[in-house]
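In what follows, a single structure is set out as structure tokens and then discussed.
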Amino acid sequence: MGELENDQWTVDLDVDHIAVNPNSPDQIVPLALEISTLSRAFIAGQVTARKQLLEAVESLLAAVETPREAIGRHCWRSPTAFAAIATAVDLGIFRLLAETKQPKSVHELARTTGADLVLLERIMKHLGAINAVVETENGEYACNGFSHTLANTKYADSFPAFMDCIYPAVLAVPKFLRQTKYHNPTDSHHSPFQLGVHTAHTFFEDLADHPALSAQFNNHMSIYHKGRASWMDPGFYPVDQLQCGRPLGEDDALLVDVGGGKGHDLNELRTKWPTIPGRLILQDLPAVVAEATDLHPSIECMAHDFFTEQPVKVGSRAYYLHSILHDWPDEACHQILAPLKAAMVPGVSRLLINENVMADHGAHWQVTSLDLILMADFAGIERTESQWRRLLTEAGFRVVKIWTADRWSESLIECEV
């Protein structure tokens with residue numbers, strides 16, 4: 001055996017040894033101690049302890065599992081978990097389990113859904129194995145918090161939406177980047193979405209052709225920031241200061257939610273600030289606004305394409321964009337921002353951008369995951385602070401302040417012309 005072959009043999013032995021041993025054994029004890037401390041803090045009611053505990057648990061998993069086990073988690077568990085959950089959503093399994101506190105047998109679930117008994121046994125076993133449902137000792141199934149939540153369409157719709165318009169593009173990323181010689185996608189008409197979905201349309205053009213899928217995607221967006229800090233919460237952003245300066249007349253707009261979907265943000269604002277004066281205006285495409293049927297009576301609906309001239313020109317105190325600009329490359333963002341700049345009154349109007357600000361170091365996986373989803377579906381991007389400042393300066397805005405509550409939530413970028 002030659003010297004090169006000996007070296008390769010040694011490398012192979014090293015890899016095999018590494019693959020079946022914990023990733024970071026020296027971190028196991030410190031992380032376990034940190035988890036113990038954070039657990040006590042959580043029980044004592046410390047506000048941020050739960051999310052810190054969750055991050056420590058994830059770090060412990062990464063430290064204690066072997067590389068071979070990590071491969072299994074990424075290649076086996078994640079895709080099959082999604083497939084099983086999406087199938088259960090289709091069958092209405094979670095709604096059936098949520099109907100009563102009593103566990104249900106697979107035979108009962110099969111009779112009610114019409115699904116093949118053997119097939120459903122396989123699906124339910126996997127749902128139990130991944131803790132999506134509770135499997136009892138006698139082989140019946142019951143709800144936990146996760147499955148009870150998926151009994152609600154607003155939450156369950158995330159799975160068919162991702163299955164049909166998100167995942168095909170994400171899974172096409174490696175092939176697309178290989179074909180484009182690893183250039184960063186910046187054209188929404190030429191992105192992994194077209195390759196994965198087999199269409200010439202952009203994401204939003206394709207969504208417009210599929211109303212049911214559009215409704216599911218909008219439901220997903222309505223739960224996007226649930227459980228995270230909101231800029232409307234006391235102590236985050238001084239919402240009441242929006243009415244300062246020039247007095248608000250009866251016909252003046254306090255906030256125009258541009259591309260606001262089904263109006264969940266304006267409902268939240270009206271609920272948390274019920275006496276704040278001024279009109280609240282929801283703008284989106286006609287088909288989307290038509291779905292906004294559960295709005296506070298004071299909220300006005302207005303069909304509008306944000307690439308066109310802004311119709312509210314009386315100098316709204318705030319023009320608000322939530323999770324809009326990250327869907328688009330810089331050139332398109334300039335086209336969205338130009339009509340808002342033209343409508344704003346210097347010294348009176350504010351542009352409020354509610355988006356993630358990507359950390360330069362140690363970014364959270366929720367933000368980095370979303371960044372790759374945006375790249376896949378829109379040729380979009382989650383921007384860092386310097387990228388946001390450059391984009392907004394080029395568009396003719398001055399960043400007044402970036403308001404941030406914690407690393408798990410979106411920021412509010414306040415701008416003026």
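Labels for the structure tokens follow display order: chains A, B, ..., residues from 1 in each chain, ligands from 1.
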**Prompt:** Which residues, written as a list in words, have at least one atom at most 9 Å from Trp403 in chain A, with only C-alpha atoms counted and residues fewer than 4 positions away on the same chain left out?
**Reply:**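 With the cut-off at 9 Å, the set is Trp231, Phe236, Tyr237, Ser411, Leu412, Ile413 and Glu414 of chain A.
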Would you output that residue set with N, CA and C atoms, as a compact mmCIF listing (two decimals), in the first residue's frame?
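The resulting file, result.txt, is shown below:
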# COMPACT_ATOMS: atom_id res chain seq x y z
N TRP A 231 -43.80 45.85 17.79
CA TRP A 231 -43.45 47.26 17.94
C TRP A 231 -44.57 48.06 18.58
N PHE A 236 -41.65 49.36 23.45
CA PHE A 236 -40.91 49.04 22.23
C PHE A 236 -40.73 50.31 21.39
N TYR A 237 -41.82 50.81 20.83
CA TYR A 237 -41.78 52.02 20.01
C TYR A 237 -42.84 52.99 20.54
N SER A 411 -37.36 43.98 13.95
CA SER A 411 -37.10 45.36 14.36
C SER A 411 -38.10 46.30 13.67
N LEU A 412 -38.12 47.55 14.11
CA LEU A 412 -38.87 48.59 13.44
C LEU A 412 -37.88 49.67 13.01
N ILE A 413 -37.78 49.86 11.70
CA ILE A 413 -36.86 50.86 11.16
C ILE A 413 -37.67 52.13 10.87
N GLU A 414 -37.39 53.17 11.63
CA GLU A 414 -38.12 54.43 11.48
C GLU A 414 -37.34 55.37 10.57
**Val314 in chain A surroundings by only C-alpha atoms, 8 Å radius, close-in-sequence under 5 positions cut, as a ChimeraX atom specification** = /A:252-253,343
Go ahead and write the residues just picked, C-alpha atoms, as a short mmCIF file (atom, residue, chain, number, x, y, z; two decimals), in the first residue's frame.
data_model
loop_
_atom_site.label_atom_id
_atom_site.label_comp_id
_atom_site.auth_asym_id
_atom_site.auth_seq_id
_atom_site.Cartn_x
_atom_site.Cartn_y
_atom_site.Cartn_z
CA ASP A 252 -56.15 62.61 8.49
CA ALA A 253 -54.58 59.18 8.34
CA ALA A 343 -46.67 61.08 -0.61
#
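By only C-alpha atoms, and with residues fewer than 5 positions from Leu31 in chain A along its chain excluded, the set lying at most 12 Å from it is Ser24, Pro25, Asp26, Ser36, Thr37, Leu38, Ser39, Gln52, Leu53, Leu54, Glu55, Ala56, Val57, Glu58, Ser59, Leu60, Leu61, Ala62, Ala63 and Val64 of chain A.
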**d(CA of Ala49 in chain A, CA of Glu268 in chain A) in Å** =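 Between CA of Ala49 in chain A and CA of Glu268 in chain A the gap works out to 25.2 Å.
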**Item:** Pick from A:Lys51, A:Val170, A:Ile299, A:Leu372 nearest to Ser409 in chain A, counting only C-alpha atoms
**Value:**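 Closest to Ser409 in chain A of all the choices is A:Lys51.
Neighbours of range 356-361 of chain A closer than or equal to 7 Å, with only C-alpha atoms counted and sequence neighbours fewer than 4 positions away skipped, come out as Val367, Glu382, Arg383, Thr384, Glu385, Glu410 and Ser411 of chain A.
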**Request:** Name the residues in contact with Asp257 in chain A at a cut-off of 9 Å, using only C-alpha atoms, excluding same-chain residues fewer than 5 positions from it; report them as a ChimeraX atom specification.
**Result:** /A:263,265-266,280-284,318-322
For the residues in that selection, give me N, CA and C atoms as a short mmCIF file (atom, residue, chain, number, x, y, z; two decimals), in the first residue's frame.
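What follows is the written file part36.cif:
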data_model
loop_
_atom_site.label_atom_id
_atom_site.label_comp_id
_atom_site.auth_asym_id
_atom_site.auth_seq_id
_atom_site.Cartn_x
_atom_site.Cartn_y
_atom_site.Cartn_z
N GLY A 263 -54.91 42.44 7.24
CA GLY A 263 -55.13 43.49 8.23
C GLY A 263 -54.84 43.11 9.66
N ASP A 265 -52.13 43.36 11.40
CA ASP A 265 -51.36 44.38 12.12
C ASP A 265 -52.24 45.55 12.55
N LEU A 266 -53.13 45.99 11.68
CA LEU A 266 -54.01 47.10 12.04
C LEU A 266 -54.99 46.70 13.12
N LEU A 280 -57.04 54.53 10.09
CA LEU A 280 -56.19 53.37 9.85
C LEU A 280 -56.62 52.77 8.52
N ILE A 281 -55.69 52.69 7.57
CA ILE A 281 -56.03 52.29 6.20
C ILE A 281 -55.23 51.05 5.81
N LEU A 282 -55.95 50.03 5.38
CA LEU A 282 -55.33 48.79 4.91
C LEU A 282 -55.28 48.80 3.39
N GLN A 283 -54.09 48.61 2.83
CA GLN A 283 -53.92 48.55 1.38
C GLN A 283 -53.32 47.22 0.96
N ASP A 284 -53.90 46.63 -0.06
CA ASP A 284 -53.32 45.45 -0.70
C ASP A 284 -54.06 45.22 -2.02
N ALA A 318 -47.87 57.91 9.29
CA ALA A 318 -46.96 56.79 9.06
C ALA A 318 -47.43 55.97 7.86
N TYR A 319 -46.47 55.62 7.01
CA TYR A 319 -46.67 54.62 5.97
C TYR A 319 -45.89 53.40 6.44
N TYR A 320 -46.58 52.28 6.49
CA TYR A 320 -46.05 51.11 7.20
C TYR A 320 -45.89 49.94 6.24
N LEU A 321 -44.70 49.33 6.26
CA LEU A 321 -44.40 48.15 5.45
C LEU A 321 -43.95 47.02 6.36
N HIS A 322 -44.73 45.95 6.41
CA HIS A 322 -44.37 44.80 7.25
C HIS A 322 -44.04 43.62 6.36
#
**Message:** Set the distance at 8 Å and use only C-alpha atoms: which residues neighbour Phe378 in chain A once local chain neighbours fewer than 3 positions away are removed? I'd like the list as a list in words.
**Reply:** Asp187, Ser188, Ser191, Phe193, Thr202, Phe203, Asp327, Trp328, Leu374 and Met375 of chain A
Taking a cut-off of 10 Å and counting only C-alpha atoms, can you build a table that, for each residue of range 129-159 of chain A near range 106-118 of chain A, reports the nearest atom pair and how far apart they are in Å (one decimal), sorted by chain then residue number, as JSON lines?
{"residue": "A:Gly139", "atom": "CA", "partner": "A:Val106", "partner_atom": "CA", "distance": 8.1}
{"residue": "A:Glu140", "atom": "CA", "partner": "A:Val106", "partner_atom": "CA", "distance": 6.7}
{"residue": "A:Tyr141", "atom": "CA", "partner": "A:Val106", "partner_atom": "CA", "distance": 7.6}
**Request:** Excluding Met124 in chain A and residues on its chain fewer than 3 positions from it, collect all residues at most 9 Å away from it, counting only C-alpha atoms, and give them as a ChimeraX atom specification.
**Result:** /A:84,88,106,119-121,127-129,133,135,141
Okay, now the selection with C-alpha atoms, as a CSV table (one decimal), in the first residue's frame?
chain,number,residue,atom,x,y,z
A,84,ALA,CA,-46.7,13.2,7.9
A,88,ALA,CA,-52.7,14.7,8.8
A,106,VAL,CA,-56.5,4.5,14.7
A,119,LEU,CA,-51.6,3.6,5.9
A,120,LEU,CA,-53.0,5.7,8.8
A,121,GLU,CA,-51.3,3.4,11.4
A,127,LEU,CA,-46.6,11.6,14.3
A,128,GLY,CA,-46.2,10.0,17.8
A,129,ALA,CA,-42.5,9.4,17.3
A,133,VAL,CA,-49.4,13.9,18.8
A,135,GLU,CA,-49.4,8.2,21.7
A,141,TYR,CA,-53.7,9.1,20.1
**Prompt:** Using only C-alpha atoms, which of the listed residues (A:Ser349, A:Ile35, A:Ile130, A:Ala332) sits closest to Ser78 in chain A?
**Reply:** A:Ile130
**Request:** Using only C-alpha atoms, find the one residue out of A:Ala70, A:Asn152, A:His17, A:Tyr167 that sits nearest to Ile373 in chain A.
**Result:**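 The answer is A:Tyr167, which sits nearest to Ile373 in chain A.
Compared by their closest atoms to Leu91 in chain A, and using only C-alpha atoms, the residues A:Ile123, A:His201, A:Ala363, A:Gly72 rank with A:Ile123 nearest.
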**Item:** strand (DSSP E) positions in range 195-386 of chain A, given as a PyMOL selection string
**Value:** chain A and resi 253-258+279-284+299-303+318-322+350-355
**Asked** In Å, how far is it from CA of Glu416 in chain A to CA of Pro346 in chain A?
**Response**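 That distance, rounded to one decimal, is 7.1 Å.
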